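Q: Contents of my_file_31.csv (CSV, C-alpha atoms and all ligand atoms) are given next:
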chain,number,residue,atom,x,y,z
U,104,MET,CA,-163.7,69.8,-15.4
U,105,MET,CA,-165.6,72.3,-13.3
U,106,VAL,CA,-166.8,75.8,-14.3
U,107,LEU,CA,-167.0,78.1,-11.3
U,108,MET,CA,-169.5,80.9,-11.9
U,109,GLN,CA,-169.1,84.4,-10.5
U,110,ALA,CA,-171.1,85.1,-7.3
U,111,ASP,CA,-173.6,87.3,-9.2
U,112,ALA,CA,-174.0,85.1,-12.3
U,113,THR,CA,-177.5,85.0,-13.6
U,114,LYS,CA,-179.6,81.9,-14.4
U,115,GLU,CA,-179.3,82.6,-18.1
U,116,GLN,CA,-175.5,82.7,-17.8
U,117,VAL,CA,-175.5,79.3,-16.0
U,118,SER,CA,-177.8,77.9,-18.8
U,119,GLU,CA,-175.5,79.2,-21.5
U,120,VAL,CA,-172.6,77.3,-19.8
U,121,MET,CA,-174.7,74.1,-19.6
U,122,GLU,CA,-175.8,74.4,-23.3
U,123,THR,CA,-172.2,75.0,-24.4
U,124,ILE,CA,-171.1,71.8,-22.6
U,125,GLU,CA,-174.1,69.9,-24.2
U,126,ARG,CA,-173.1,71.2,-27.6
U,127,HIS,CA,-169.7,69.4,-27.1
U,128,LYS,CA,-171.7,66.2,-26.5
U,129,LEU,CA,-170.9,66.2,-22.8
U,130,ARG,CA,-173.2,66.0,-19.8
U,131,PRO,CA,-173.3,69.1,-17.5
U,132,LEU,CA,-174.1,69.0,-13.8
U,133,ASN,CA,-175.5,72.0,-12.1
U,134,LEU,CA,-174.2,72.2,-8.5
U,135,PRO,CA,-175.6,75.2,-6.5
U,136,GLY,CA,-173.2,76.1,-3.7
U,137,ASP,CA,-173.4,78.5,-0.8
U,138,GLU,CA,-171.5,81.3,-2.6
U,139,HIS,CA,-171.0,80.3,-6.2
U,140,ILE,CA,-172.8,78.0,-8.6
U,141,ALA,CA,-170.5,75.4,-10.1
U,142,VAL,CA,-171.2,73.6,-13.3
U,143,GLY,CA,-169.4,70.3,-13.7
U,144,VAL,CA,-168.8,68.0,-16.7
U,145,ALA,CA,-169.9,64.6,-15.7
U,146,SER,CA,-168.8,62.6,-18.7
U,147,ALA,CA,-165.1,61.9,-19.7
U,148,ILE,CA,-163.8,64.7,-21.9
U,149,PRO,CA,-161.9,63.5,-25.0
U,150,PRO,CA,-158.4,65.0,-25.0
U,151,GLU,CA,-159.0,66.9,-28.3
U,152,VAL,CA,-162.0,68.6,-26.8
U,153,ARG,CA,-160.5,69.7,-23.5
U,154,ASP,CA,-158.5,72.8,-24.6
U,155,PRO,CA,-161.1,74.3,-27.0
U,156,LEU,CA,-163.9,73.7,-24.5
U,157,THR,CA,-161.9,75.3,-21.7
U,158,ALA,CA,-161.3,78.4,-23.9
U,159,CYS,CA,-164.9,78.6,-25.0
U,160,LEU,CA,-166.3,78.3,-21.4
U,161,SER,CA,-163.7,80.7,-19.9
U,162,ALA,CA,-164.9,83.4,-22.3
U,163,LEU,CA,-168.6,83.1,-21.5
U,164,PRO,CA,-170.2,85.9,-19.4
U,165,GLY,CA,-170.6,85.1,-15.7
U,166,VAL,CA,-167.8,82.5,-15.7
U,167,ASP,CA,-165.2,83.1,-13.0
U,168,HIS,CA,-162.8,80.3,-13.9
U,169,VAL,CA,-162.5,76.7,-15.1
U,170,VAL,CA,-160.8,74.0,-13.1
U,171,GLN,CA,-159.4,70.7,-14.4
U,172,ILE,CA,-160.0,67.7,-12.2
U,173,SER,CA,-157.3,65.1,-12.3
U,174,ARG,CA,-158.9,62.4,-10.2
U,175,PRO,CA,-161.0,59.6,-11.5
U,176,TYR,CA,-163.8,60.6,-9.2
U,177,LYS,CA,-165.1,64.1,-9.7
U,178,LEU,CA,-168.0,65.0,-7.5
U,179,ALA,CA,-166.3,63.3,-4.5
U,180,SER,CA,-163.0,65.1,-5.1
U,181,ARG,CA,-161.7,68.2,-3.2
U,182,GLU,CA,-160.6,69.6,-6.5
U,183,PHE,CA,-164.3,69.8,-7.4
U,184,TRP,CA,-165.5,71.1,-4.1
U,185,GLN,CA,-163.0,72.7,-1.8
U,186,HIS,CA,-165.2,73.3,1.3
U,187,ASP,CA,-165.9,70.5,3.7
U,188,THR,CA,-169.3,69.0,3.1
U,189,VAL,CA,-171.4,69.0,6.2
U,190,VAL,CA,-174.2,66.4,6.3
U,191,ASN,CA,-177.1,67.7,8.4
U,192,VAL,CA,-179.5,65.0,9.7
U,193,LYS,CA,-182.3,66.4,11.8
U,194,GLY,CA,-180.1,69.2,13.0
U,195,ILE,CA,-177.0,67.0,13.8
U,196,GLU,CA,-174.1,68.1,11.7
U,197,ILE,CA,-171.7,65.4,10.5
U,198,GLY,CA,-168.5,66.8,9.1
U,199,GLY,CA,-168.7,70.1,10.9
U,200,ALA,CA,-166.6,71.4,13.8
U,201,LYS,CA,-167.9,68.8,16.3
U,202,CYS,CA,-167.0,65.1,16.0
U,203,VAL,CA,-170.1,63.0,15.9
U,204,VAL,CA,-170.5,59.6,17.6
U,205,MET,CA,-173.0,56.9,16.6
U,206,GLY,CA,-173.6,54.0,18.8
U,207,GLY,CA,-175.8,51.0,19.2
U,208,PRO,CA,-175.9,47.2,18.7
U,209,CYS,CA,-174.7,45.3,15.7
U,210,SER,CA,-178.2,43.9,15.3
U,211,VAL,CA,-181.6,44.9,16.5
U,212,GLU,CA,-182.6,41.7,18.5
U,213,SER,CA,-185.8,42.6,20.4
U,214,ARG,CA,-187.8,45.6,21.7
U,215,GLU,CA,-186.2,45.2,25.1
U,216,GLN,CA,-182.6,45.0,23.7
U,217,ILE,CA,-183.0,48.0,21.3
U,218,PHE,CA,-184.6,50.2,24.0
U,219,ALA,CA,-181.9,49.3,26.5
U,220,SER,CA,-179.2,50.0,23.9
U,221,ALA,CA,-180.8,53.4,22.9
U,222,GLN,CA,-181.0,54.4,26.6
U,223,ALA,CA,-177.3,53.5,27.1
U,224,VAL,CA,-176.3,55.5,24.0
U,225,LYS,CA,-178.4,58.5,25.0
U,226,ASP,CA,-177.1,58.4,28.6
U,227,ALA,CA,-173.6,58.8,27.2
U,228,GLY,CA,-174.8,62.0,25.5
U,229,VAL,CA,-175.0,60.4,22.0
U,230,SER,CA,-178.0,60.9,19.8
U,231,ILE,CA,-177.4,58.8,16.7
U,232,LEU,CA,-178.5,55.2,17.2
U,233,ARG,CA,-177.2,52.3,15.0
U,234,GLY,CA,-178.8,48.9,14.7
U,235,GLY,CA,-178.8,46.4,11.8
U,236,ALA,CA,-182.1,44.8,10.7
U,237,TYR,CA,-180.7,43.2,7.5
U,238,LYS,CA,-177.4,41.6,8.4
U,239,PRO,CA,-174.7,40.5,6.0
U,240,ARG,CA,-173.4,37.4,7.8
U,241,THR,CA,-170.5,35.2,6.6
U,242,SER,CA,-172.5,32.1,7.5
U,243,PRO,CA,-176.0,31.4,6.3
U,244,TYR,CA,-176.7,29.7,9.6
U,245,ALA,CA,-175.8,32.8,11.7
U,246,PHE,CA,-178.6,35.3,12.8
U,247,GLN,CA,-179.6,37.2,9.7
U,248,GLY,CA,-181.4,40.1,11.5
U,249,LEU,CA,-185.1,40.8,12.2
U,250,GLY,CA,-185.7,42.4,8.8
U,251,LEU,CA,-188.9,44.6,8.7
U,252,GLU,CA,-189.6,43.8,12.4
U,253,GLY,CA,-186.2,45.3,13.2
U,254,LEU,CA,-186.8,48.4,11.1
U,255,LYS,CA,-190.1,48.9,12.9
U,256,LEU,CA,-188.5,48.7,16.3
U,257,LEU,CA,-185.8,51.1,15.2
U,258,LYS,CA,-188.4,53.6,14.1
U,259,GLU,CA,-190.3,53.2,17.3
U,260,VAL,CA,-187.3,53.7,19.5
U,261,GLY,CA,-186.0,56.6,17.4
U,262,ASP,CA,-189.3,58.4,17.6
U,263,ALA,CA,-189.9,57.6,21.3
U,264,MET,CA,-186.4,58.8,22.3
U,265,GLU,CA,-185.9,61.5,19.7
U,266,MET,CA,-182.8,59.9,18.3
U,267,VAL,CA,-181.5,59.9,14.7
U,268,THR,CA,-181.2,56.3,13.4
U,269,ILE,CA,-179.0,54.5,11.0
U,270,SER,CA,-179.4,51.0,9.5
U,271,GLU,CA,-177.9,48.9,6.7
U,272,VAL,CA,-179.6,48.3,3.4
U,273,MET,CA,-178.4,45.2,1.6
U,274,SER,CA,-180.4,45.1,-1.6
U,275,PRO,CA,-181.9,47.6,-4.1
U,276,GLU,CA,-185.5,46.3,-3.5
U,277,ASP,CA,-185.2,47.2,0.2
U,278,VAL,CA,-184.1,50.8,-0.3
U,279,ASP,CA,-187.5,52.4,0.0
U,280,LEU,CA,-188.5,50.3,3.0
U,281,VAL,CA,-185.3,51.0,4.9
U,282,ALA,CA,-185.5,54.7,3.9
U,283,SER,CA,-189.0,55.0,5.3
U,284,HIS,CA,-187.9,53.7,8.7
U,285,VAL,CA,-184.5,55.2,9.4
U,286,ASP,CA,-182.7,58.6,8.9
U,287,ILE,CA,-179.4,57.4,7.5
U,288,LEU,CA,-178.9,54.5,5.1
U,289,GLN,CA,-175.8,52.4,5.6
U,290,ILE,CA,-174.0,50.5,2.8
U,291,GLY,CA,-171.9,47.8,4.4
U,292,ALA,CA,-168.3,46.9,3.6
U,293,ARG,CA,-169.3,43.8,1.6
U,294,ASN,CA,-171.6,45.9,-0.6
U,295,MET,CA,-169.3,48.8,-1.3
U,296,GLN,CA,-168.9,47.6,-4.9
U,297,ASN,CA,-172.5,46.4,-5.4
U,298,TYR,CA,-173.2,48.9,-8.1
U,299,SER,CA,-176.9,48.3,-8.5
U,300,LEU,CA,-177.3,48.9,-4.8
U,301,LEU,CA,-175.2,52.1,-5.0
U,302,VAL,CA,-177.4,53.4,-7.9
U,303,ALA,CA,-180.7,52.6,-6.0
U,304,VAL,CA,-179.4,54.2,-2.8
U,305,GLY,CA,-178.1,57.2,-4.7
U,306,LYS,CA,-181.5,57.7,-6.3
U,307,ALA,CA,-183.2,57.7,-2.9
U,308,GLY,CA,-181.3,61.0,-2.2
U,309,ARG,CA,-181.0,60.2,1.5
U,310,PRO,CA,-178.1,60.7,3.9
U,311,THR,CA,-175.9,57.6,3.3
U,312,LEU,CA,-173.0,56.2,5.2
U,313,LEU,CA,-170.7,54.2,2.9
U,314,LYS,CA,-168.3,51.7,4.4
U,315,ARG,CA,-165.0,50.9,2.8
U,316,GLY,CA,-164.7,47.4,1.5
U,317,PRO,CA,-162.0,45.4,3.5
U,318,ALA,CA,-159.9,45.1,0.4
U,319,ALA,CA,-160.8,48.3,-1.5
U,320,SER,CA,-158.3,50.9,-2.4
U,321,ILE,CA,-158.9,54.5,-1.6
U,322,ASP,CA,-159.7,55.2,-5.3
U,323,GLU,CA,-162.2,52.3,-5.4
U,324,PHE,CA,-163.8,53.7,-2.2
U,325,LEU,CA,-164.1,57.2,-3.6
U,326,LEU,CA,-165.5,55.9,-6.9
U,327,ALA,CA,-168.2,54.0,-5.0
U,328,ALA,CA,-169.0,57.3,-3.3
U,329,GLU,CA,-169.1,58.9,-6.7
U,330,TYR,CA,-171.8,56.5,-7.7
U,331,LEU,CA,-174.0,57.7,-4.8
U,332,LEU,CA,-173.3,61.4,-5.6
U,333,HIS,CA,-173.8,60.9,-9.4
U,334,HIS,CA,-177.1,59.3,-8.9
U,335,GLY,CA,-178.5,61.9,-6.6
U,336,THR,CA,-177.4,61.8,-3.0
U,337,SER,CA,-175.3,64.8,-1.9
U,338,ASP,CA,-175.2,63.6,1.7
U,339,VAL,CA,-172.5,60.9,1.7
U,340,ILE,CA,-170.5,60.0,4.8
U,341,LEU,CA,-167.4,57.9,4.2
U,342,CYS,CA,-166.6,55.2,6.8
U,343,GLU,CA,-163.2,53.5,7.3
U,344,ARG,CA,-163.9,50.2,9.1
U,345,GLY,CA,-160.6,48.3,8.8
U,346,VAL,CA,-159.0,46.4,6.0
U,347,HIS,CA,-157.9,42.7,5.6
U,348,PRO,CA,-155.2,42.1,8.2
U,349,LEU,CA,-151.8,40.5,7.8
U,350,ASP,CA,-152.4,38.7,11.0
U,351,ARG,CA,-155.9,37.6,12.3
U,352,THR,CA,-154.5,36.2,15.6
U,353,TYR,CA,-155.3,39.2,17.7
U,354,THR,CA,-157.6,41.5,15.7
U,355,ARG,CA,-160.3,40.9,13.1
U,356,ASN,CA,-159.2,43.6,10.7
U,357,THR,CA,-156.5,46.3,10.6
U,358,MET,CA,-157.7,49.9,11.1
U,359,ASP,CA,-156.3,51.9,8.2
U,360,ILE,CA,-155.8,55.1,10.2
U,361,ASN,CA,-153.8,56.4,7.2
U,362,ALA,CA,-157.1,56.4,5.3
U,363,VAL,CA,-158.5,59.2,7.5
U,364,PRO,CA,-156.1,62.1,6.5
U,365,VAL,CA,-155.8,60.7,3.0
U,366,LEU,CA,-159.6,60.8,2.5
U,367,LYS,CA,-159.9,64.2,4.1
U,368,HIS,CA,-157.2,65.4,1.7
U,369,LEU,CA,-158.7,63.9,-1.5
U,370,SER,CA,-162.4,64.5,-0.7
U,371,HIS,CA,-164.7,67.1,0.8
U,372,LEU,CA,-167.0,64.4,2.3
U,373,PRO,CA,-167.1,63.7,6.0
U,374,VAL,CA,-165.0,60.7,7.2
U,375,ILE,CA,-165.9,58.6,10.2
U,376,VAL,CA,-164.3,55.5,11.6
U,377,ASP,CA,-165.7,52.2,12.9
U,378,PRO,CA,-163.2,50.9,15.5
U,379,SER,CA,-165.6,48.0,16.4
U,380,HIS,CA,-165.3,46.2,13.1
U,381,GLY,CA,-161.8,47.7,12.6
U,382,THR,CA,-160.5,45.7,15.6
U,383,GLY,CA,-163.1,43.1,16.3
U,384,VAL,CA,-162.1,43.1,20.0
U,385,ALA,CA,-163.9,45.3,22.6
U,386,ARG,CA,-160.7,46.1,24.6
U,387,TYR,CA,-159.1,47.7,21.5
U,388,VAL,CA,-162.1,49.8,20.4
U,389,THR,CA,-161.5,52.8,22.6
U,390,PRO,CA,-157.7,53.2,21.8
U,391,LEU,CA,-158.5,53.1,18.1
U,392,ALA,CA,-161.4,55.5,18.5
U,393,LYS,CA,-159.1,58.0,20.1
U,394,ALA,CA,-156.5,57.4,17.3
U,395,ALA,CA,-159.1,58.0,14.7
U,396,ILE,CA,-160.2,61.3,16.2
U,397,ALA,CA,-156.6,62.4,16.7
U,398,ALA,CA,-156.0,61.7,13.0
U,399,GLY,CA,-158.8,64.0,11.9
U,400,ALA,CA,-161.9,61.8,11.7
U,401,ASP,CA,-165.3,63.6,11.8
U,402,GLY,CA,-166.8,60.9,14.0
U,403,LEU,CA,-167.2,57.3,15.0
U,404,ILE,CA,-169.6,54.5,14.8
U,405,VAL,CA,-169.4,52.1,17.7
U,406,GLU,CA,-171.2,48.9,18.6
U,407,VAL,CA,-172.8,48.9,22.1
U,408,HIS,CA,-174.9,46.2,23.6
U,409,PRO,CA,-176.6,46.0,27.0
U,410,ASP,CA,-175.2,42.5,27.5
U,411,PRO,CA,-172.4,41.8,24.9
U,412,LYS,CA,-172.0,38.2,26.0
U,413,ARG,CA,-175.5,37.4,24.8
U,414,ALA,CA,-175.4,39.5,21.6
U,415,LEU,CA,-176.7,37.6,18.5
U,416,SER,CA,-173.9,39.2,16.4
U,417,ASP,CA,-170.5,40.8,17.0
U,418,GLY,CA,-170.6,40.4,20.8
U,419,ALA,CA,-166.8,40.2,21.1
U,420,GLN,CA,-166.4,43.7,19.7
U,421,SER,CA,-169.4,45.3,21.4
U,422,LEU,CA,-169.0,47.7,24.4
U,423,THR,CA,-171.1,47.5,27.5
U,424,PRO,CA,-172.9,50.8,28.3
U,425,ALA,CA,-170.3,51.6,31.0
U,426,GLN,CA,-167.4,51.0,28.5
U,427,PHE,CA,-169.2,53.2,25.9
U,428,GLN,CA,-169.5,56.0,28.4
U,429,CYS,CA,-165.8,55.8,29.1
U,430,LEU,CA,-165.1,55.9,25.3
U,431,VAL,CA,-167.2,59.0,24.9
U,432,ASN,CA,-165.4,60.7,27.8
U,433,GLU,CA,-161.9,59.8,26.5
U,434,VAL,CA,-162.7,60.6,22.9
U,435,GLY,CA,-164.0,64.0,24.1
U,436,ARG,CA,-160.7,64.8,25.7
U,437,VAL,CA,-158.8,63.9,22.5
U,438,ALA,CA,-161.2,66.0,20.4
U,439,GLN,CA,-160.6,69.0,22.7
U,440,ALA,CA,-156.8,68.5,22.5
U,441,ILE,CA,-157.1,69.1,18.7
U,442,GLY,CA,-159.5,72.0,18.9
U,443,ARG,CA,-162.7,70.1,18.3
U,444,SER,CA,-165.4,68.7,20.6
U,445,ILE,CA,-168.0,65.9,20.6
X,1,LIG,C1,-172.1,46.4,10.7
X,1,LIG,O1,-172.0,47.7,10.8
X,1,LIG,O2,-172.7,45.7,11.6
X,1,LIG,C2,-171.4,45.7,9.6
X,1,LIG,C3,-171.8,44.6,9.2
X,1,LIG,O3,-170.3,46.4,9.2
X,1,LIG,P1,-169.3,46.2,8.0
X,1,LIG,O4,-170.2,46.3,6.8
X,1,LIG,O5,-168.3,47.2,8.1
X,1,LIG,O6,-168.7,44.8,8.1
X,2,MN,MN,-171.5,44.3,13.4
Would you write the structure of this file as structure tokens?
A:
Amino acid sequence: MMVLMQADATKEQVSEVMETIERHKLRPLNLPGDEHIAVGVASAIPPEVRDPLTACLSALPGVDHVVQISRPYKLASREFWQHDTVVNVKGIEIGGAKCVVMGGPCSVESREQIFASAQAVKDAGVSILRGGAYKPRTSPYAFQGLGLEGLKLLKEVGDAMEMVTISEVMSPEDVDLVASHVDILQIGARNMQNYSLLVAVGKAGRPTLLKRGPAASIDEFLLAAEYLLHHGTSDVILCERGVHPLDRTYTRNTMDINAVPVLKHLSHLPVIVDPSHGTGVARYVTPLAKAAIAAGADGLIVEVHPDPKRALSDGAQSLTPAQFQCLVNEVGRVAQAIGRSI
């Protein structure tokens, strides 16, 4: 349930709505918006309370109207918030009119490699740099990332080249450390349902990119986003990165392009697509990047490496700087065709 206040509602009127919700043993959420203040009910409403509470709240001074929310997720739902959420990171808007591209290597490997990657990304006109310092690898013998050293390098390159940075956080203990080195926290596909991590990242209140688990339903994905929103982060970016495939012969995952319009319909949060993990094969990354933008995605996250053959992780799906430049050009034309730009 959401109570939408009139544009000129006073603080006292908002407090009265909140107290009324509390008197019904429910938890209110105050959500200041651009035009109207909304008060949500965070807890599940017992069926016998719903009608009397709706009548009671509708009659209060300053209340415009009361909306019932039918989805299991509330804060993430478009029923709750009809406008598109725009996440602003250092002046870059994610979820606005422009589509946003993020690029960089799967892992930060060395100073030379991350500076060369950043230069390639910047030369393509892209100002958000990705790079994993903590890597969730299927094998314990595979390169696990540089950890703190990788974070320091990302911070150094981000500051030196005035780029926004994004990196994955894998455990609740590392949230503060990662948050103090990068601009956007990434929750990886394998951790989409790691609830203690979602709580810790939510509490950090920082812009967060949440990847969809490879076998997660849309509702499970949006409920994971709900954890972040519920615990204090309003800047959540959803990322579709491919789901378990029927056939692994030619691609690593299957891009669920359906998810893009479905998520945009169900949620107000920005939706971006990762065609690198979605396909696992460099030659298919650009076609799927174009498909994602055509389907309404707000942006892309793409793996780029100065020398993919020597990459310590995900080389097969990483683009060379020249291929990345082509992707940006081609995606730009698709964006223009649908009335957007990059
Ligand atoms: C990554 O971005 O490098 C990564 C590990 O992605 P995912 O969590 O989607 O597998
Ligand atoms: Mn990767």
Q: I'd like the contact shell of Gly199 in chain U - 8 Å cut-off, all atoms listed in the file, skipping same-chain residues fewer than 2 positions apart - returned as a tab-separated table (two decimals) with C-alpha atoms, keeping the file's coordinate frame.
A:
chain	number	residue	atom	x	y	z
U	187	ASP	CA	-165.90	70.50	3.70
U	188	THR	CA	-169.30	69.00	3.10
U	189	VAL	CA	-171.40	69.00	6.20
U	196	GLU	CA	-174.10	68.10	11.70
U	197	ILE	CA	-171.70	65.40	10.50
U	201	LYS	CA	-167.90	68.80	16.30
U	202	CYS	CA	-167.00	65.10	16.00
U	401	ASP	CA	-165.30	63.60	11.80
Q: Excluding Val431 in chain U and residues on its chain fewer than 2 positions from it, collect all residues at most 12 Å away from it, counting only C-alpha atoms, and give them as number ranges by chain.
A: U: 202-206, 223-229, 388-390, 392-393, 396, 402-405, 407, 422, 424-429, 433-438, 444-445
Q: Generate the output file for the selected residues, C-alpha atoms, as an mmCIF file, keeping the file's coordinate frame.
A:
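Okay, selection_17.cif is ready:
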data_model
loop_
_atom_site.group_PDB
_atom_site.id
_atom_site.type_symbol
_atom_site.label_atom_id
_atom_site.label_comp_id
_atom_site.auth_asym_id
_atom_site.auth_seq_id
_atom_site.Cartn_x
_atom_site.Cartn_y
_atom_site.Cartn_z
ATOM 1 C CA CYS U 202 -167.000 65.100 16.000
ATOM 2 C CA VAL U 203 -170.100 63.000 15.900
ATOM 3 C CA VAL U 204 -170.500 59.600 17.600
ATOM 4 C CA MET U 205 -173.000 56.900 16.600
ATOM 5 C CA GLY U 206 -173.600 54.000 18.800
ATOM 6 C CA ALA U 223 -177.300 53.500 27.100
ATOM 7 C CA VAL U 224 -176.300 55.500 24.000
ATOM 8 C CA LYS U 225 -178.400 58.500 25.000
ATOM 9 C CA ASP U 226 -177.100 58.400 28.600
ATOM 10 C CA ALA U 227 -173.600 58.800 27.200
ATOM 11 C CA GLY U 228 -174.800 62.000 25.500
ATOM 12 C CA VAL U 229 -175.000 60.400 22.000
ATOM 13 C CA VAL U 388 -162.100 49.800 20.400
ATOM 14 C CA THR U 389 -161.500 52.800 22.600
ATOM 15 C CA PRO U 390 -157.700 53.200 21.800
ATOM 16 C CA ALA U 392 -161.400 55.500 18.500
ATOM 17 C CA LYS U 393 -159.100 58.000 20.100
ATOM 18 C CA ILE U 396 -160.200 61.300 16.200
ATOM 19 C CA GLY U 402 -166.800 60.900 14.000
ATOM 20 C CA LEU U 403 -167.200 57.300 15.000
ATOM 21 C CA ILE U 404 -169.600 54.500 14.800
ATOM 22 C CA VAL U 405 -169.400 52.100 17.700
ATOM 23 C CA VAL U 407 -172.800 48.900 22.100
ATOM 24 C CA LEU U 422 -169.000 47.700 24.400
ATOM 25 C CA PRO U 424 -172.900 50.800 28.300
ATOM 26 C CA ALA U 425 -170.300 51.600 31.000
ATOM 27 C CA GLN U 426 -167.400 51.000 28.500
ATOM 28 C CA PHE U 427 -169.200 53.200 25.900
ATOM 29 C CA GLN U 428 -169.500 56.000 28.400
ATOM 30 C CA CYS U 429 -165.800 55.800 29.100
ATOM 31 C CA GLU U 433 -161.900 59.800 26.500
ATOM 32 C CA VAL U 434 -162.700 60.600 22.900
ATOM 33 C CA GLY U 435 -164.000 64.000 24.100
ATOM 34 C CA ARG U 436 -160.700 64.800 25.700
ATOM 35 C CA VAL U 437 -158.800 63.900 22.500
ATOM 36 C CA ALA U 438 -161.200 66.000 20.400
ATOM 37 C CA SER U 444 -165.400 68.700 20.600
ATOM 38 C CA ILE U 445 -168.000 65.900 20.600
#
Q: With ligand LIG 1 (chain X) as the partner and 6 Å as the cut-off, tabulate the residues of chain U that qualify, each row holding the nearest pair of atoms and their distance in Å to one decimal, using only C-alpha atoms and all ligand atoms, sorted by chain and rising number, as JSON lines.
A:
{"residue": "U:Cys209", "atom": "CA", "partner": "X:LIG1", "partner_atom": "O2", "distance": 4.6}
{"residue": "U:Pro239", "atom": "CA", "partner": "X:LIG1", "partner_atom": "C3", "distance": 6.0}
{"residue": "U:Gly291", "atom": "CA", "partner": "X:LIG1", "partner_atom": "O4", "distance": 3.3}
{"residue": "U:Ala292", "atom": "CA", "partner": "X:LIG1", "partner_atom": "O4", "distance": 3.8}
{"residue": "U:Arg293", "atom": "CA", "partner": "X:LIG1", "partner_atom": "O4", "distance": 5.8}
{"residue": "U:Lys314", "atom": "CA", "partner": "X:LIG1", "partner_atom": "O5", "distance": 5.8}
{"residue": "U:Arg344", "atom": "CA", "partner": "X:LIG1", "partner_atom": "O5", "distance": 5.4}
{"residue": "U:His380", "atom": "CA", "partner": "X:LIG1", "partner_atom": "O5", "distance": 5.9}
Q: Would you output that residue set with C-alpha atoms, as a PDB file, keeping the file's coordinate frame?
A:
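So out18.pdb came out as:
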ATOM      1  CA  CYS U 209    -174.700  45.300  15.700  1.00  0.00           C
ATOM      2  CA  PRO U 239    -174.700  40.500   6.000  1.00  0.00           C
ATOM      3  CA  GLY U 291    -171.900  47.800   4.400  1.00  0.00           C
ATOM      4  CA  ALA U 292    -168.300  46.900   3.600  1.00  0.00           C
ATOM      5  CA  ARG U 293    -169.300  43.800   1.600  1.00  0.00           C
ATOM      6  CA  LYS U 314    -168.300  51.700   4.400  1.00  0.00           C
ATOM      7  CA  ARG U 344    -163.900  50.200   9.100  1.00  0.00           C
ATOM      8  CA  HIS U 380    -165.300  46.200  13.100  1.00  0.00           C
TER       9      HIS U 380
END
Q: Restricting the calculation to only C-alpha atoms, which member of U:Gly253, U:Pro208, U:Gly308, U:Gly248 is positioned closest to Gln420 in chain U?
A: U:Pro208
Q: Just the residues within 9 Å of Ile195 in chain U, please, counting all atoms listed in the file, with nothing from its chain fewer than 6 positions along; format it as number ranges by chain.
A: U: 203, 230-231, 267
Q: Take the residues that were just selected and, keeping C-alpha atoms, output them as a PDB file, in the frame of the given file.
A:
ATOM      1  CA  VAL U 203    -170.100  63.000  15.900  1.00  0.00           C
ATOM      2  CA  SER U 230    -178.000  60.900  19.800  1.00  0.00           C
ATOM      3  CA  ILE U 231    -177.400  58.800  16.700  1.00  0.00           C
ATOM      4  CA  VAL U 267    -181.500  59.900  14.700  1.00  0.00           C
TER       5      VAL U 267
END
Q: Please indicate the distance in Å from CA of Thr157 in chain U to CA of Pro175 in chain U, rounded to one decimal place.
A: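 Calculated distance between CA of Thr157 in chain U and CA of Pro175 in chain U is 18.7 Å.
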Q: Got a sec: who's within 7 Å of Val120 in chain U, counting only C-alpha atoms, leaving out chain neighbours fewer than 4 positions off, as a PDB file with C-alpha atoms, keeping the file's coordinate frame?
A:
ATOM      1  CA  GLN U 116    -175.500  82.700 -17.800  1.00  0.00           C
ATOM      2  CA  ILE U 124    -171.100  71.800 -22.600  1.00  0.00           C
ATOM      3  CA  LEU U 160    -166.300  78.300 -21.400  1.00  0.00           C
TER       4      LEU U 160
END
Q: Between U:Gly305, U:Pro409, U:Pro348, U:Gly234, which one has atoms that come closest to ligand MN 2 (chain X), using only C-alpha atoms and all ligand atoms?
A: U:Gly234
